[in-house]
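Chemist: Just one file: query.cif, with mmCIF, C-alpha atoms and all ligand atoms.
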```cif
data_protein
loop_
_atom_site.group_PDB
_atom_site.id
_atom_site.type_symbol
_atom_site.label_atom_id
_atom_site.label_comp_id
_atom_site.auth_asym_id
_atom_site.auth_seq_id
_atom_site.Cartn_x
_atom_site.Cartn_y
_atom_site.Cartn_z
ATOM 1 C CA MET A 1 5.026 -9.055 9.907
ATOM 2 C CA VAL A 2 8.506 -8.829 11.349
ATOM 3 C CA GLY A 3 8.393 -6.263 14.140
ATOM 4 C CA ALA A 4 11.158 -3.686 14.223
ATOM 5 C CA VAL A 5 13.689 -4.504 16.913
ATOM 6 C CA ILE A 6 15.777 -1.870 18.601
ATOM 7 C CA LEU A 7 18.993 -3.521 19.744
ATOM 8 C CA ASN A 8 20.611 -2.443 23.000
ATOM 9 C CA ARG A 9 24.175 -3.311 23.897
ATOM 10 C CA PRO A 10 23.604 -6.462 26.031
ATOM 11 C CA VAL A 11 21.341 -7.848 23.325
ATOM 12 C CA ILE A 12 23.966 -7.195 20.672
ATOM 13 C CA ALA A 13 26.517 -8.964 22.880
ATOM 14 C CA ILE A 14 24.283 -12.022 23.271
ATOM 15 C CA PHE A 15 23.479 -11.973 19.608
ATOM 16 C CA SER A 16 27.168 -11.830 18.655
ATOM 17 C CA LEU A 17 27.993 -14.637 21.054
ATOM 18 C CA LEU A 18 25.307 -16.811 19.509
ATOM 19 C CA LEU A 19 26.575 -16.033 16.071
ATOM 20 C CA LEU A 20 30.058 -17.053 17.138
ATOM 21 C CA THR A 21 29.299 -20.116 19.188
ATOM 22 C CA GLY A 22 25.652 -21.037 19.057
ATOM 23 C CA CYS A 23 25.455 -22.712 15.701
ATOM 24 C CA ARG A 24 27.352 -25.090 13.555
ATOM 25 C CA THR A 25 27.518 -22.844 10.524
ATOM 26 C CA LEU A 26 30.742 -23.782 8.812
ATOM 27 C CA PRO A 27 32.459 -21.540 6.313
ATOM 28 C CA PRO A 28 31.452 -22.136 2.698
ATOM 29 C CA PRO A 29 33.076 -25.221 1.162
ATOM 30 C CA ALA A 30 36.565 -24.400 -0.126
ATOM 31 C CA ALA A 31 35.902 -25.761 -3.620
ATOM 32 C CA GLU A 32 35.200 -23.510 -6.586
ATOM 33 C CA ARG A 33 31.558 -22.710 -7.120
ATOM 34 C CA THR A 34 29.625 -22.019 -10.305
ATOM 35 C CA GLY A 35 26.507 -20.857 -8.426
ATOM 36 C CA GLU A 36 24.569 -24.010 -9.321
ATOM 37 C CA GLU A 37 25.492 -26.176 -6.333
ATOM 38 C CA ILE A 38 23.718 -27.319 -3.196
ATOM 39 C CA ILE A 39 25.574 -27.894 0.077
ATOM 40 C CA VAL A 40 25.383 -31.316 1.700
ATOM 41 C CA ALA A 41 27.554 -32.225 4.723
ATOM 42 C CA GLY A 42 29.788 -29.241 4.002
ATOM 43 C CA GLN A 43 30.411 -30.162 0.352
ATOM 44 C CA TYR A 44 29.119 -28.782 -2.927
ATOM 45 C CA PHE A 45 27.054 -31.011 -5.231
ATOM 46 C CA PRO A 46 25.948 -29.841 -8.685
ATOM 47 C CA ALA A 47 22.264 -28.983 -8.963
ATOM 48 C CA GLY A 48 22.162 -27.747 -12.573
ATOM 49 C CA THR A 49 20.125 -24.689 -11.558
ATOM 50 C CA ARG A 50 20.872 -21.422 -9.756
ATOM 51 C CA VAL A 51 21.105 -21.941 -6.011
ATOM 52 C CA VAL A 52 21.703 -19.001 -3.674
ATOM 53 C CA THR A 53 23.089 -20.401 -0.424
ATOM 54 C CA TRP A 54 22.869 -18.884 3.038
ATOM 55 C CA HIS A 55 26.514 -17.795 2.673
ATOM 56 C CA GLU A 56 25.737 -15.440 -0.220
ATOM 57 C CA PRO A 57 24.578 -11.827 -0.231
ATOM 58 C CA GLY A 58 20.820 -11.850 -0.671
ATOM 59 C CA GLY A 59 20.615 -15.437 0.617
ATOM 60 C CA TYR A 60 18.402 -16.589 3.490
ATOM 61 C CA ASN A 61 20.219 -17.921 6.525
ATOM 62 C CA ALA A 62 18.185 -20.155 8.836
ATOM 63 C CA TYR A 63 21.184 -20.534 11.196
ATOM 64 C CA GLN A 64 20.815 -16.919 12.146
ATOM 65 C CA PRO A 65 19.122 -16.538 15.538
ATOM 66 C CA VAL A 66 15.884 -14.607 15.602
ATOM 67 C CA LEU A 67 15.163 -11.946 18.171
ATOM 68 C CA ALA A 68 11.672 -11.665 19.609
ATOM 69 C CA PRO A 69 10.244 -8.131 19.971
ATOM 70 C CA ASP A 70 11.216 -8.170 23.674
ATOM 71 C CA GLY A 71 14.869 -8.755 22.732
ATOM 72 C CA SER A 72 14.986 -12.416 23.765
ATOM 73 C CA VAL A 73 16.410 -14.948 21.345
ATOM 74 C CA ARG A 74 13.878 -17.327 19.927
ATOM 75 C CA PRO A 75 14.509 -21.061 20.347
ATOM 76 C CA LYS A 76 16.382 -22.916 17.666
ATOM 77 C CA ASN A 77 14.381 -23.733 14.566
ATOM 78 C CA HIS A 78 16.270 -26.823 13.357
ATOM 79 C CA GLY A 79 18.527 -29.618 14.622
ATOM 80 C CA LEU A 80 20.889 -32.276 13.342
ATOM 81 C CA ARG A 81 19.437 -35.415 11.814
ATOM 82 C CA ARG A 82 19.724 -38.484 13.996
ATOM 83 C CA ALA A 83 20.122 -42.188 13.220
ATOM 84 C CA ASP A 84 17.293 -42.914 15.669
ATOM 85 C CA PRO A 85 14.602 -40.352 14.775
ATOM 86 C CA ALA A 86 13.292 -40.374 18.362
ATOM 87 C CA GLY A 87 16.755 -40.228 19.929
ATOM 88 C CA PRO A 88 18.661 -37.198 21.217
ATOM 89 C CA GLU A 89 20.447 -34.822 18.883
ATOM 90 C CA PRO A 90 23.957 -36.124 18.119
ATOM 91 C CA ALA A 91 27.007 -34.080 19.111
ATOM 92 C CA GLU A 92 28.428 -34.236 15.601
ATOM 93 C CA PRO A 93 26.629 -33.964 12.271
ATOM 94 C CA PRO A 94 26.068 -37.264 10.440
ATOM 95 C CA ASP A 95 28.521 -37.933 7.624
ATOM 96 C CA LEU A 96 27.457 -38.278 4.006
ATOM 97 C CA ALA A 97 27.043 -42.056 4.176
ATOM 98 C CA GLY A 98 24.912 -41.699 7.294
ATOM 99 C CA LEU A 99 22.813 -39.008 5.644
ATOM 100 C CA ARG A 100 22.251 -41.120 2.542
ATOM 101 C CA ASP A 101 20.918 -43.828 4.772
ATOM 102 C CA MET A 102 18.521 -41.497 6.632
ATOM 103 C CA VAL A 103 17.155 -39.246 3.906
ATOM 104 C CA ASP A 104 14.573 -40.758 1.563
ATOM 105 C CA GLN A 105 11.790 -38.170 1.032
ATOM 106 C CA PHE A 106 11.671 -34.808 -0.749
ATOM 107 C CA VAL A 107 8.647 -32.917 0.606
ATOM 108 C CA LEU A 108 6.984 -30.306 -1.623
ATOM 109 C CA HIS A 109 5.174 -27.386 -0.026
ATOM 110 C CA TYR A 110 3.736 -24.151 -1.314
ATOM 111 C CA ASP A 111 4.238 -21.156 0.933
ATOM 112 C CA THR A 112 0.795 -19.410 0.529
ATOM 113 C CA LEU A 113 2.768 -16.136 0.752
ATOM 114 C CA GLY A 114 3.544 -15.904 -2.948
ATOM 115 C CA LEU A 115 7.223 -14.915 -2.595
ATOM 116 C CA SER A 116 10.242 -16.561 -0.963
ATOM 117 C CA GLY A 117 11.400 -13.518 0.986
ATOM 118 C CA ARG A 118 8.067 -13.306 2.819
ATOM 119 C CA CYS A 119 8.125 -17.047 3.414
ATOM 120 C CA PHE A 120 11.563 -16.961 5.022
ATOM 121 C CA ASP A 121 10.593 -14.137 7.397
ATOM 122 C CA ILE A 122 7.479 -15.991 8.536
ATOM 123 C CA LEU A 123 9.287 -19.304 9.059
ATOM 124 C CA GLN A 124 12.005 -17.626 11.122
ATOM 125 C CA ASN A 125 9.460 -15.831 13.256
ATOM 126 C CA ARG A 126 7.464 -18.974 13.878
ATOM 127 C CA GLY A 127 10.536 -21.011 14.803
ATOM 128 C CA LEU A 128 10.187 -23.156 11.670
ATOM 129 C CA SER A 129 12.605 -23.923 8.866
ATOM 130 C CA VAL A 130 12.934 -25.561 5.473
ATOM 131 C CA HIS A 131 16.031 -26.438 3.440
ATOM 132 C CA PHE A 132 14.986 -24.784 0.186
ATOM 133 C CA LEU A 133 12.815 -21.893 -0.973
ATOM 134 C CA LEU A 134 11.932 -21.689 -4.659
ATOM 135 C CA ASP A 135 10.954 -18.201 -5.754
ATOM 136 C CA VAL A 136 8.725 -17.245 -8.689
ATOM 137 C CA ASP A 137 11.741 -16.456 -10.927
ATOM 138 C CA GLY A 138 13.139 -19.979 -10.478
ATOM 139 C CA THR A 139 15.846 -18.987 -7.983
ATOM 140 C CA VAL A 140 16.444 -21.712 -5.413
ATOM 141 C CA TYR A 141 17.537 -20.515 -1.983
ATOM 142 C CA GLN A 142 19.219 -23.012 0.339
ATOM 143 C CA THR A 143 18.863 -21.949 3.989
ATOM 144 C CA LEU A 144 20.485 -24.895 5.813
ATOM 145 C CA ASP A 145 22.923 -27.738 5.102
ATOM 146 C CA LEU A 146 20.959 -30.895 4.301
ATOM 147 C CA GLN A 147 22.512 -32.566 7.347
ATOM 148 C CA GLU A 148 20.107 -30.450 9.389
ATOM 149 C CA ARG A 149 16.672 -31.642 10.330
ATOM 150 C CA ALA A 150 14.491 -28.730 9.255
ATOM 151 C CA TRP A 151 11.117 -28.202 10.905
ATOM 152 C CA HIS A 152 8.631 -28.299 8.057
ATOM 153 C CA ALA A 153 6.675 -31.569 8.017
ATOM 154 C CA THR A 154 6.206 -32.934 11.570
ATOM 155 C CA ILE A 155 6.822 -36.708 11.496
ATOM 156 C CA ALA A 156 8.814 -36.507 8.248
ATOM 157 C CA ASN A 157 11.421 -33.972 9.390
ATOM 158 C CA ASN A 158 14.214 -36.399 10.229
ATOM 159 C CA ARG A 159 14.021 -38.364 6.984
ATOM 160 C CA SER A 160 13.156 -35.592 4.559
ATOM 161 C CA ILE A 161 14.363 -32.555 2.661
ATOM 162 C CA GLY A 162 11.783 -29.777 2.381
ATOM 163 C CA ILE A 163 11.109 -27.091 -0.204
ATOM 164 C CA GLU A 164 8.680 -24.169 0.026
ATOM 165 C CA ILE A 165 7.624 -23.182 -3.490
ATOM 166 C CA ALA A 166 6.440 -19.594 -3.746
ATOM 167 C CA ASN A 167 2.728 -19.636 -4.620
ATOM 168 C CA LEU A 168 -0.397 -18.076 -3.142
ATOM 169 C CA GLY A 169 -1.848 -21.517 -2.478
ATOM 170 C CA ALA A 170 -5.120 -23.326 -3.070
ATOM 171 C CA TYR A 171 -8.562 -22.212 -1.842
ATOM 172 C CA PRO A 172 -11.957 -23.910 -1.686
ATOM 173 C CA VAL A 173 -13.921 -23.263 -4.878
ATOM 174 C CA GLY A 174 -16.391 -20.409 -4.370
ATOM 175 C CA GLU A 175 -14.680 -19.076 -1.262
ATOM 176 C CA LYS A 176 -12.588 -15.964 -0.771
ATOM 177 C CA ASN A 177 -9.075 -15.987 -2.231
ATOM 178 C CA PRO A 178 -6.353 -13.378 -2.840
ATOM 179 C CA PHE A 179 -6.026 -13.948 -6.605
ATOM 180 C CA ALA A 180 -7.689 -10.700 -7.687
ATOM 181 C CA VAL A 181 -5.267 -8.734 -5.495
ATOM 182 C CA TRP A 182 -2.082 -10.526 -6.620
ATOM 183 C CA TYR A 183 -2.721 -11.250 -10.310
ATOM 184 C CA VAL A 184 -3.487 -8.800 -13.090
ATOM 185 C CA ALA A 185 -4.424 -9.334 -16.720
ATOM 186 C CA ASP A 186 -1.331 -9.678 -18.856
ATOM 187 C CA GLU A 187 -0.706 -8.230 -22.312
ATOM 188 C CA ALA A 188 0.205 -11.763 -23.401
ATOM 189 C CA GLY A 189 -3.409 -12.837 -22.778
ATOM 190 C CA GLY A 190 -3.196 -14.597 -19.406
ATOM 191 C CA VAL A 191 -2.265 -13.170 -16.028
ATOM 192 C CA ARG A 192 0.905 -12.122 -14.330
ATOM 193 C CA LEU A 193 1.823 -11.732 -10.704
ATOM 194 C CA SER A 194 1.601 -8.155 -9.422
ATOM 195 C CA PRO A 195 2.496 -8.345 -5.722
ATOM 196 C CA PRO A 196 0.886 -5.561 -3.672
ATOM 197 C CA LEU A 197 4.223 -4.926 -1.954
ATOM 198 C CA GLU A 198 6.865 -2.246 -2.097
ATOM 199 C CA ASN A 199 9.777 -4.689 -2.278
ATOM 200 C CA PRO A 200 8.939 -8.227 -3.436
ATOM 201 C CA ARG A 201 12.652 -9.186 -3.234
ATOM 202 C CA ILE A 202 12.657 -11.114 -6.533
ATOM 203 C CA ARG A 203 16.300 -11.718 -7.489
ATOM 204 C CA THR A 204 15.907 -11.462 -11.282
ATOM 205 C CA PRO A 205 15.576 -7.753 -12.175
ATOM 206 C CA ASP A 206 12.214 -6.799 -13.736
ATOM 207 C CA PHE A 207 11.068 -10.411 -13.675
ATOM 208 C CA ILE A 208 7.505 -11.026 -14.839
ATOM 209 C CA ALA A 209 5.971 -14.093 -13.167
ATOM 210 C CA ARG A 210 3.306 -15.804 -15.244
ATOM 211 C CA PRO A 211 1.710 -19.068 -14.111
ATOM 212 C CA ALA A 212 2.528 -22.046 -16.370
ATOM 213 C CA ARG A 213 -1.213 -22.238 -17.172
ATOM 214 C CA ALA A 214 -3.091 -18.971 -17.680
ATOM 215 C CA GLU A 215 -6.323 -20.141 -16.025
ATOM 216 C CA PRO A 216 -6.609 -21.153 -12.369
ATOM 217 C CA VAL A 217 -6.461 -24.933 -11.909
ATOM 218 C CA THR A 218 -9.254 -26.736 -10.065
ATOM 219 C CA GLY A 219 -8.775 -30.161 -8.477
ATOM 220 C CA ILE A 220 -9.470 -32.361 -5.479
ATOM 221 C CA VAL A 221 -6.970 -32.722 -2.662
ATOM 222 C CA GLN A 222 -7.818 -34.372 0.653
ATOM 223 C CA GLY A 223 -11.412 -34.660 -0.594
ATOM 224 C CA LYS A 224 -11.807 -30.889 -1.027
ATOM 225 C CA GLU A 225 -12.374 -29.118 -4.325
ATOM 226 C CA LEU A 226 -9.715 -26.421 -4.556
ATOM 227 C CA VAL A 227 -8.593 -23.749 -6.984
ATOM 228 C CA GLN A 228 -5.023 -22.520 -7.416
ATOM 229 C CA TYR A 229 -2.828 -20.741 -9.935
ATOM 230 C CA ASP A 230 -0.074 -22.941 -11.347
ATOM 231 C CA PHE A 231 3.600 -22.445 -10.550
ATOM 232 C CA THR A 232 5.759 -20.561 -13.076
ATOM 233 C CA PRO A 233 7.683 -22.284 -15.909
ATOM 234 C CA GLU A 234 10.884 -21.041 -14.226
ATOM 235 C CA GLN A 235 9.861 -22.781 -11.001
ATOM 236 C CA TYR A 236 9.203 -26.054 -12.859
ATOM 237 C CA ALA A 237 12.564 -25.891 -14.640
ATOM 238 C CA ALA A 238 14.409 -25.351 -11.344
ATOM 239 C CA LEU A 239 12.366 -27.904 -9.385
ATOM 240 C CA ILE A 240 12.980 -30.586 -12.021
ATOM 241 C CA ARG A 241 16.746 -30.016 -11.880
ATOM 242 C CA LEU A 242 16.858 -29.838 -8.100
ATOM 243 C CA THR A 243 14.785 -33.026 -7.794
ATOM 244 C CA GLY A 244 17.118 -34.813 -10.207
ATOM 245 C CA ALA A 245 20.137 -33.600 -8.228
ATOM 246 C CA LEU A 246 18.684 -34.688 -4.888
ATOM 247 C CA HIS A 247 18.026 -38.147 -6.321
ATOM 248 C CA ARG A 248 21.669 -38.403 -7.382
ATOM 249 C CA VAL A 249 22.955 -37.344 -3.956
ATOM 250 C CA PHE A 250 20.334 -39.333 -2.013
ATOM 251 C CA PRO A 251 19.458 -42.449 -4.045
ATOM 252 C CA LYS A 252 16.709 -43.427 -1.592
ATOM 253 C CA ILE A 253 14.736 -40.410 -2.856
ATOM 254 C CA ARG A 254 13.333 -42.321 -5.833
ATOM 255 C CA LEU A 255 11.957 -40.394 -8.768
ATOM 256 C CA ASP A 256 8.359 -41.289 -8.069
ATOM 257 C CA TYR A 257 5.370 -40.017 -6.057
ATOM 258 C CA PRO A 258 2.788 -41.750 -3.848
ATOM 259 C CA ARG A 259 0.249 -43.633 -5.964
ATOM 260 C CA ASP A 260 -3.273 -44.957 -5.456
ATOM 261 C CA ALA A 261 -4.473 -48.481 -6.295
ATOM 262 C CA ASP A 262 -4.762 -47.537 -9.987
ATOM 263 C CA GLY A 263 -1.235 -46.159 -10.127
ATOM 264 C CA ALA A 264 -2.364 -42.521 -10.299
ATOM 265 C CA LEU A 265 -1.152 -39.759 -7.967
ATOM 266 C CA LEU A 266 -2.598 -40.313 -4.508
ATOM 267 C CA LEU A 267 -4.625 -37.208 -3.621
ATOM 268 C CA GLU A 268 -4.842 -37.610 0.132
ATOM 269 C CA LYS A 269 -2.755 -38.507 3.174
ATOM 270 C CA MET A 270 -0.904 -41.825 2.809
ATOM 271 C CA PRO A 271 -1.778 -44.684 5.129
ATOM 272 C CA GLN A 272 0.850 -44.797 7.899
ATOM 273 C CA ALA A 273 2.430 -48.104 6.838
ATOM 274 C CA ALA A 274 2.713 -47.015 3.208
ATOM 275 C CA TRP A 275 4.253 -43.703 4.250
ATOM 276 C CA ALA A 276 6.794 -45.475 6.456
ATOM 277 C CA GLU A 277 7.917 -47.516 3.426
ATOM 278 C CA PHE A 278 7.854 -44.709 0.863
ATOM 279 C CA GLY A 279 11.025 -43.202 -0.556
ATOM 280 C CA GLY A 280 10.566 -40.512 -3.212
ATOM 281 C CA VAL A 281 8.982 -37.136 -3.937
ATOM 282 C CA ILE A 282 5.981 -36.451 -1.722
ATOM 283 C CA GLY A 283 3.495 -33.665 -1.024
ATOM 284 C CA HIS A 284 2.929 -32.206 2.411
ATOM 285 C CA PHE A 285 -0.690 -33.409 2.043
ATOM 286 C CA HIS A 286 0.561 -36.994 1.776
ATOM 287 C CA ILE A 287 1.970 -36.666 5.292
ATOM 288 C CA GLN A 288 -0.679 -34.675 7.200
ATOM 289 C CA ASP A 289 -4.435 -34.716 6.653
ATOM 290 C CA ASP A 290 -4.727 -31.055 7.711
ATOM 291 C CA LYS A 291 -2.572 -29.957 4.744
ATOM 292 C CA VAL A 292 -3.379 -29.551 1.043
ATOM 293 C CA ASP A 293 -0.054 -28.247 -0.266
ATOM 294 C CA PRO A 294 1.436 -28.220 -2.892
ATOM 295 C CA GLY A 295 -2.184 -28.135 -4.121
ATOM 296 C CA PRO A 296 -4.018 -29.356 -7.221
ATOM 297 C CA ALA A 297 -1.958 -27.289 -9.699
ATOM 298 C CA LEU A 298 1.374 -29.052 -9.283
ATOM 299 C CA GLN A 299 2.220 -31.065 -12.417
ATOM 300 C CA TRP A 300 3.603 -34.209 -10.795
ATOM 301 C CA ASP A 301 3.963 -36.240 -13.983
ATOM 302 C CA ARG A 302 5.910 -33.468 -15.679
ATOM 303 C CA LEU A 303 8.194 -33.141 -12.649
ATOM 304 C CA ILE A 304 8.937 -36.845 -12.329
ATOM 305 C CA ALA A 305 9.222 -37.611 -16.056
ATOM 306 C CA GLU A 306 11.610 -34.727 -16.676
ATOM 307 C CA ALA A 307 13.690 -35.419 -13.555
ATOM 308 C CA ARG A 308 14.048 -39.037 -14.753
ATOM 309 C CA ARG A 309 15.096 -37.852 -18.190
ATOM 310 C CA LEU A 310 17.940 -35.892 -16.603
ATOM 311 C CA GLN A 311 19.388 -39.140 -15.222
ATOM 312 C CA GLN A 312 19.888 -40.684 -18.673
HETATM 313 ZN ZN ZN A 401 3.446 -27.468 3.783
#
```
Can you dump the structure from the file as structure tokens?
Modeler:
Amino acid sequence: MVGAVILNRPVIAIFSLLLLTGCRTLPPPAAERTGEEIIVAGQYFPAGTRVVTWHEPGGYNAYQPVLAPDGSVRPKNHGLRRADPAGPEPAEPPDLAGLRDMVDQFVLHYDTLGLSGRCFDILQNRGLSVHFLLDVDGTVYQTLDLQERAWHATIANNRSIGIEIANLGAYPVGEKNPFAVWYVADEAGGVRLSPPLENPRIRTPDFIARPARAEPVTGIVQGKELVQYDFTPEQYAALIRLTGALHRVFPKIRLDYPRDADGALLLEKMPQAAWAEFGGVIGHFHIQDDKVDPGPALQWDRLIAEARRLQQ
């Protein structure tokens, strides 16, 4: 998808200048790192799961400018959070206290691309961004400091943190889907992911990605009957720990999801007033009625119950 770009000298000069001056990328925090930290306002916070930041080899850096095929630099794909969501971008990043006041939603997406490396390339090329990518082997990639407003969920961008979970996505029952191309029968009895790609860029060597449930999961989202393969056990383990960590850093992200009148998971877009009040873990489909991600397969009760258990 990403067209090859032949760099000429002026373009390299512009590119270098942008790298030097055009972004706020700070050096990595000076503190020691175990490899299981997220970066918030220039500081490390423990996440309890492997996080590859944009500073690391093999990481994904959303601060990096993207060149269009004609050599021009694409517009910025993120901006600083602001106290007034409709106001101009501030000159300085908000401090931690300011961020804790602003950030109250953790938005779950699936990427439909199946792998985090593909997802990052597509986001960059579309001028979009997201704070975290969660690959099939459970590796979390952080692409931006959480003080940045990533462009992933329209009206929720200023108040939210976003994650794209690698998964092929959900499809209407009976319609065409890519499952037969991407999954093969597994010796263990279920299926495993077999990406039709030369380099799937999965960080764990020889990793075998099996969905947490062997059969595709069918369910209703936004009134549509959809089918989807579940996320991997490694993705659940990482997502649970990351969710617990985000709650500790941002207490307004409560460990709960949007509920219907009976207290069950709401399976459609939230009414505007309820969304405005909601602080917690939320699906992209709760925010926009043209979205169905993270789809019917996501095990919300498992995620929330286990993230709560980590707080005890
Ligand atoms: Zn989404």
Chemist: Since I can't run it myself right now, could you work out what the PyMOL selection byres (((chain A and resi 208) around 10) and not hetatm) selects here and report it as a list in words?
Modeler: Val136, Asp137, Asp186, Arg192, Leu193, Ser194, Ile202, Thr204, Pro205, Asp206, Phe207, Ala209, Arg210, Pro211 and Thr232 of chain A
Chemist: Can you write just those residues out, C-alpha atoms, as a compact mmCIF listing (two decimals), in the frame of the given file?
Modeler:
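Resulting contents of out36.txt:
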```
# COMPACT_ATOMS: atom_id res chain seq x y z
CA VAL A 136 8.72 -17.24 -8.69
CA ASP A 137 11.74 -16.46 -10.93
CA ASP A 186 -1.33 -9.68 -18.86
CA ARG A 192 0.90 -12.12 -14.33
CA LEU A 193 1.82 -11.73 -10.70
CA SER A 194 1.60 -8.15 -9.42
CA ILE A 202 12.66 -11.11 -6.53
CA THR A 204 15.91 -11.46 -11.28
CA PRO A 205 15.58 -7.75 -12.18
CA ASP A 206 12.21 -6.80 -13.74
CA PHE A 207 11.07 -10.41 -13.68
CA ALA A 209 5.97 -14.09 -13.17
CA ARG A 210 3.31 -15.80 -15.24
CA PRO A 211 1.71 -19.07 -14.11
CA THR A 232 5.76 -20.56 -13.08
```
Chemist: Between A:Trp151, A:Tyr236, A:Phe45, A:Tyr63, which is the closest to Glu306 of chain A once you count only C-alpha atoms?
Modeler: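 Result for the nearest residue to Glu306 of chain A: A:Tyr236.
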Chemist: Quick one: pull the distance between atom CA of Ala62 of chain A and atom CA of Ile165 of chain A, Å, one decimal.
Modeler: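 Separating atom CA of Ala62 of chain A from atom CA of Ile165 of chain A is a distance of 16.5 Å.
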Chemist: Atom CA of Gln228 of chain A to atom CA of Pro294 of chain A: how many Å, to one decimal?
Modeler: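 Going from atom CA of Gln228 of chain A over to atom CA of Pro294 of chain A, I get 9.7 Å.
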Chemist: Give as a list of chain:residue names the set of residues within 10 Å of the point (17.2, -17.8, 0.3), where distances use the file's coordinates and only C-alpha atoms.
Modeler: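 Those residues, ordered by chain and then number, are A:Val51, A:Val52, A:Thr53, A:Trp54, A:His55, A:Glu56, A:Pro57, A:Gly58, A:Gly59, A:Tyr60, A:Asn61, A:Ala62, A:Ser116, A:Gly117, A:Cys119, A:Phe120, A:His131, A:Phe132, A:Leu133, A:Leu134, A:Asp135, A:Thr139, A:Val140, A:Tyr141, A:Gln142, A:Thr143, A:Leu144, A:Arg203.
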Chemist: Could you report the residues within 8 Å of ligand ZN 401 (chain A), using all atoms listed in the file, as a PyMOL selection string?
Modeler: chain A and resi 108-111+152-153+164+283-285+291-294
Chemist: Return the single residue from A:Thr112, A:Pro75, A:Asn177, A:Val249 that is closest to Ile39 of chain A, with distances computed using all atoms listed in the file.
Modeler: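 Closest to Ile39 of chain A, using all atoms listed in the file: A:Val249.
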Chemist: Between atom CA of Ala237 of chain A and atom CA of Pro46 of chain A, what is the spacing in Å?
Modeler: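 Result for atom CA of Pro46 of chain A versus atom CA of Ala237 of chain A: 15.2 Å, one decimal.
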Chemist: Give as a VMD selection string the residues that the PyMOL selection byres (((chain A and resi 190) around 10) and not hetatm) matches when applied to the coordinates above.
Modeler: chain A and resid 183 to 189 191 to 192 210 to 215
Chemist: Save out the residues we just selected, C-alpha atoms, as an mmCIF file, in the coordinates of the input.
Modeler:
```
data_model
loop_
_atom_site.group_PDB
_atom_site.id
_atom_site.type_symbol
_atom_site.label_atom_id
_atom_site.label_comp_id
_atom_site.auth_asym_id
_atom_site.auth_seq_id
_atom_site.Cartn_x
_atom_site.Cartn_y
_atom_site.Cartn_z
ATOM 1 C CA TYR A 183 -2.721 -11.250 -10.310
ATOM 2 C CA VAL A 184 -3.487 -8.800 -13.090
ATOM 3 C CA ALA A 185 -4.424 -9.334 -16.720
ATOM 4 C CA ASP A 186 -1.331 -9.678 -18.856
ATOM 5 C CA GLU A 187 -0.706 -8.230 -22.312
ATOM 6 C CA ALA A 188 0.205 -11.763 -23.401
ATOM 7 C CA GLY A 189 -3.409 -12.837 -22.778
ATOM 8 C CA VAL A 191 -2.265 -13.170 -16.028
ATOM 9 C CA ARG A 192 0.905 -12.122 -14.330
ATOM 10 C CA ARG A 210 3.306 -15.804 -15.244
ATOM 11 C CA PRO A 211 1.710 -19.068 -14.111
ATOM 12 C CA ALA A 212 2.528 -22.046 -16.370
ATOM 13 C CA ARG A 213 -1.213 -22.238 -17.172
ATOM 14 C CA ALA A 214 -3.091 -18.971 -17.680
ATOM 15 C CA GLU A 215 -6.323 -20.141 -16.025
#
```
